Amino acid sequence: MGGSFIDDDWESGSASHRARTVVLVGRTGDGKSATGNSILGRKAFKSMNSPDGITSTSELQTAVLEDGQIINVIDTPGLFNKSAEPQLVGKEIVRCIDMAKDGIHAVLVVVSLSSRISLEEAATVETLQKLFGDKITKYMIMVFTGGDDFEEDEVNFDDYLSRSESIKGMLEICGNRWVLFDNKTKNTAKKAEQLKQLLSLVDDVVKKNGGKPYTNKLFVEFQKAAAKLRDQAKELNSLEGYSKEEKIEREVQIYQSYEEHLARSTDMVETKLREATHELEQQLAEEQDARLKAEQTVRETLAKSDNEICKLRQNLETSQRLAEQLKKFGKNLGCHIM
């Protein structure tokens with residue numbers, strides 16, 4: 001071991017302050033990994049189109065852009081899929097925070113337009129909001145994948161957005177920040193333009209948040225734990241008069257201490273996640289109940305209207321028959337008088 005468990009990204013230097021960190025979140029299969037690859041300009045993450053399959057754990061990759069900007073991209077598995085276990089989600093969220101100790105400059109909510117927008121996408125945004133507070137929404141940007149489908153179908157994207165209530169709700173939470181991505185395109189100019197639009201939105205998010213990335217108490221605790229780990233590692237390496245075995249034993253203790261910190265953080269996130277999930281399920285149940293009641297009211301109103309229309313029709317027919325009878329009576333009366 002010999003201190004080797006301290007990765008390069010533990011060190012906080014001037015480069016880390018120039019870097020931007022973005023996190024990709026969304027449902028499995030919506031194109032998070034492919035979007036990450038488009039941002040990085042290389043196939044760094046395994047996507048569904050690759051033979052290796054789907055992202056199973058959070059992963060960080062870095063690139064230096066043409067203007068010298070360093071960008072850290074964190075790809076995540078489908079954290080808020082219906083099938084995702086809270087324990088796994090909690091572990092991955094903590095892993096993600098561990099990778100982005102200095103904070104997150106933008107949360108990219110990836111949504112595929114190739115399939116119908118479901119409650120899972122809306123739940124992703126709302127769950128993040130409940131887990132990290134309203135402040136996190138100020139860092140959210142929606143990335144719609146499947147831009148090639150709109151070109152082929154010649155569909156106006158603004159019109160599409162205005163017709164979807166689910167998307168409008170998500171956009172409102174995300175401050176109406178969005179970009180349309182085509183991860184399949186081979187057109188160099190198109191790749192550059194969509195990346196430029198996304199990075200411009202990231203810059204806008206950073207400026208509106210006073211140049212500060214998103215952090216909370218959990219991030220601060222990780223920063224402190226990482227600093228403590230670095231200090232202990234340096235102290236261990238400078239120790240004299242200790243055997244190699246004694247140093248290895250001390251190194252294991254330091255590492256176990258950090259692992260315990262990760263475990264405590266995971267338990268805390270898992271608890272908050274269960275609470276958030278329960279609240280969302282309750283909210284969805286209430287909304288569904290309200291919708292069913294509204295539909296029942298509409299049905300009853302329509303039935304009442306049908307009954308009233310039927311009565312009006314009957315009254316009209318009765319009036320028409322009376323009118324015809326009066327007309328006949330009038331004619332007969334005229335004949336008798338004559």
# chains A, B, ... in the order shown; residues from 1 in each chain; ligands from 1
>>> select_by_dssp(residues="segment 62-162 of chain A", states="helix (DSSP H, G or I)", output="count of residues only")
47
>>> residues_around(residues="Glu92 of chain A", least_positions_apart="5", cutoff="12 Å", atoms="only C-alpha atoms", output="list in words")
Val25, Thr55, Ser56, Thr57, Ser58, Glu59, Ile74, Asp75, Thr76, Pro77, Gly78, Leu79, Phe80, Ala84, Glu85, Pro86, Gln87, Ile97, Asp98, Met99, Leu262, Ala263, Ser265, Thr266, Asp267, Val269, Glu270 and Leu273 of chain A
>>> residues_around(residues="segment 195-200 of chain A", least_positions_apart="6", cutoff="8 Å", atoms="only C-alpha atoms", output="PyMOL selection string")
chain A and resi 38-39+179
>>> write_last_selection(atoms="N, CA, C and O atoms", output="short mmCIF file (atom, residue, chain, number, x, y, z; two decimals), in the first residue's frame")
data_model
loop_
_atom_site.label_atom_id
_atom_site.label_comp_id
_atom_site.auth_asym_id
_atom_site.auth_seq_id
_atom_site.Cartn_x
_atom_site.Cartn_y
_atom_site.Cartn_z
N SER A 38 -19.89 12.87 -25.33
CA SER A 38 -19.97 14.04 -26.23
C SER A 38 -19.30 15.25 -25.61
O SER A 38 -18.62 16.03 -26.29
N ILE A 39 -19.47 15.42 -24.29
CA ILE A 39 -18.84 16.55 -23.60
C ILE A 39 -17.33 16.39 -23.57
O ILE A 39 -16.58 17.35 -23.83
N VAL A 179 -30.96 22.14 -23.19
CA VAL A 179 -30.24 22.05 -24.46
C VAL A 179 -30.63 20.73 -25.13
O VAL A 179 -30.88 19.73 -24.45
#
>>> atom_distance(atom1="atom CA of Arg20 of chain A", atom2="atom CA of Ile71 of chain A")
4.8 Å
>>> residues_around(residues="Leu180 of chain A", least_positions_apart="2", cutoff="7 Å", atoms="only C-alpha atoms", output="MDAnalysis selection string")
chainID A and resid 143:145 147 178 182
>>> closest_residue(among="A:Asn176, A:Asn156, A:Gln61, A:Thr127", to="Glu275 of chain A", atoms="only C-alpha atoms")
A:Thr127
>>> closest_residue(among="A:Thr35, A:Ser238, A:Gln194, A:Asn72", to="Val22 of chain A", atoms="only C-alpha atoms")
A:Asn72
>>> closest_residue(among="A:Arg274, A:Ser162, A:Tyr258, A:Leu322", to="Leu88 of chain A", atoms="only C-alpha atoms")
A:Arg274
>>> residues_around(residues="segment 216-229 of chain A", least_positions_apart="4", cutoff="9 Å", atoms="only C-alpha atoms", output="number ranges by chain")
A: 6, 10-11, 94, 97-98, 100-103, 132, 233-234, 254-255, 257-258, 261-262, 265
>>> write_last_selection(atoms="N, CA, C and O atoms", output="mmCIF file, in the first residue's frame")
data_model
loop_
_atom_site.group_PDB
_atom_site.id
_atom_site.type_symbol
_atom_site.label_atom_id
_atom_site.label_comp_id
_atom_site.auth_asym_id
_atom_site.auth_seq_id
_atom_site.Cartn_x
_atom_site.Cartn_y
_atom_site.Cartn_z
ATOM 1 N N ILE A 6 -4.176 7.026 -1.610
ATOM 2 C CA ILE A 6 -4.498 8.441 -1.778
ATOM 3 C C ILE A 6 -4.358 8.759 -3.257
ATOM 4 O O ILE A 6 -3.256 8.898 -3.779
ATOM 5 N N TRP A 10 -7.227 13.592 -4.734
ATOM 6 C CA TRP A 10 -7.360 14.041 -3.345
ATOM 7 C C TRP A 10 -6.666 15.393 -3.176
ATOM 8 O O TRP A 10 -7.003 16.175 -2.318
ATOM 9 N N GLU A 11 -5.639 15.638 -3.989
ATOM 10 C CA GLU A 11 -4.841 16.849 -3.826
ATOM 11 C C GLU A 11 -5.606 18.047 -4.347
ATOM 12 O O GLU A 11 -6.120 18.044 -5.453
ATOM 13 N N VAL A 94 -23.255 8.941 -2.311
ATOM 14 C CA VAL A 94 -22.083 9.223 -1.480
ATOM 15 C C VAL A 94 -20.806 9.109 -2.311
ATOM 16 O O VAL A 94 -19.892 9.936 -2.188
ATOM 17 N N ILE A 97 -20.546 12.257 -4.368
ATOM 18 C CA ILE A 97 -20.112 13.397 -3.549
ATOM 19 C C ILE A 97 -18.627 13.273 -3.218
ATOM 20 O O ILE A 97 -17.887 14.260 -3.202
ATOM 21 N N ASP A 98 -18.196 12.049 -2.976
ATOM 22 C CA ASP A 98 -16.782 11.790 -2.689
ATOM 23 C C ASP A 98 -15.905 12.210 -3.872
ATOM 24 O O ASP A 98 -14.804 12.730 -3.692
ATOM 25 N N ALA A 100 -16.707 14.552 -6.024
ATOM 26 C CA ALA A 100 -16.846 15.993 -6.246
ATOM 27 C C ALA A 100 -16.772 16.745 -4.926
ATOM 28 O O ALA A 100 -17.648 17.547 -4.603
ATOM 29 N N LYS A 101 -15.710 16.502 -4.168
ATOM 30 C CA LYS A 101 -15.603 17.088 -2.832
ATOM 31 C C LYS A 101 -15.657 18.614 -2.850
ATOM 32 O O LYS A 101 -16.146 19.238 -1.913
ATOM 33 N N ASP A 102 -15.111 19.221 -3.904
ATOM 34 C CA ASP A 102 -15.068 20.688 -3.978
ATOM 35 C C ASP A 102 -16.390 21.286 -4.443
ATOM 36 O O ASP A 102 -16.519 22.499 -4.581
ATOM 37 N N GLY A 103 -17.381 20.438 -4.734
ATOM 38 C CA GLY A 103 -18.692 20.928 -5.139
ATOM 39 C C GLY A 103 -19.031 20.607 -6.580
ATOM 40 O O GLY A 103 -18.179 20.166 -7.359
ATOM 41 N N PHE A 132 -31.411 17.293 -1.499
ATOM 42 C CA PHE A 132 -30.389 18.330 -1.375
ATOM 43 C C PHE A 132 -30.941 19.740 -1.175
ATOM 44 O O PHE A 132 -30.185 20.699 -1.114
ATOM 45 N N ALA A 233 -1.834 10.619 5.921
ATOM 46 C CA ALA A 233 -0.971 9.911 4.972
ATOM 47 C C ALA A 233 0.422 10.541 4.933
ATOM 48 O O ALA A 233 1.440 9.839 4.908
ATOM 49 N N LYS A 234 0.452 11.887 4.931
ATOM 50 C CA LYS A 234 1.749 12.586 4.917
ATOM 51 C C LYS A 234 2.522 12.309 6.206
ATOM 52 O O LYS A 234 3.731 12.097 6.187
ATOM 53 N N ILE A 254 -6.063 3.935 8.991
ATOM 54 C CA ILE A 254 -6.473 5.224 8.414
ATOM 55 C C ILE A 254 -7.542 4.997 7.350
ATOM 56 O O ILE A 254 -8.564 5.684 7.311
ATOM 57 N N TYR A 255 -7.298 4.006 6.510
ATOM 58 C CA TYR A 255 -8.231 3.708 5.423
ATOM 59 C C TYR A 255 -9.578 3.237 5.976
ATOM 60 O O TYR A 255 -10.642 3.650 5.512
ATOM 61 N N SER A 257 -10.861 4.002 8.821
ATOM 62 C CA SER A 257 -11.520 5.155 9.416
ATOM 63 C C SER A 257 -12.297 5.940 8.358
ATOM 64 O O SER A 257 -13.438 6.370 8.589
ATOM 65 N N TYR A 258 -11.694 6.086 7.176
ATOM 66 C CA TYR A 258 -12.373 6.806 6.091
ATOM 67 C C TYR A 258 -13.550 5.980 5.561
ATOM 68 O O TYR A 258 -14.609 6.526 5.243
ATOM 69 N N HIS A 261 -16.425 6.501 7.707
ATOM 70 C CA HIS A 261 -17.050 7.792 7.394
ATOM 71 C C HIS A 261 -17.984 7.646 6.185
ATOM 72 O O HIS A 261 -19.112 8.164 6.196
ATOM 73 N N LEU A 262 -17.523 6.925 5.166
ATOM 74 C CA LEU A 262 -18.355 6.673 3.987
ATOM 75 C C LEU A 262 -19.623 5.910 4.362
ATOM 76 O O LEU A 262 -20.712 6.230 3.880
ATOM 77 N N SER A 265 -22.089 8.160 6.162
ATOM 78 C CA SER A 265 -22.694 9.087 5.199
ATOM 79 C C SER A 265 -23.736 8.366 4.341
ATOM 80 O O SER A 265 -24.802 8.906 4.051
#
>>> closest_residue(among="A:Arg177, A:Arg163, A:Lys272, A:Arg264", to="Gln129 of chain A", atoms="only C-alpha atoms")
A:Lys272
>>> atom_distance(atom1="atom CA of Gln288 of chain A", atom2="atom CA of Leu113 of chain A")
24.5 Å
>>> select_by_dssp(residues="segment 90-284 of chain A", states="strand (DSSP E or B)", output="ChimeraX atom specification")
/A:104,106-112,140-145,178-181,214
>>> atom_distance(atom1="atom CA of Val298 of chain A", atom2="atom CA of Leu312 of chain A")
20.4 Å
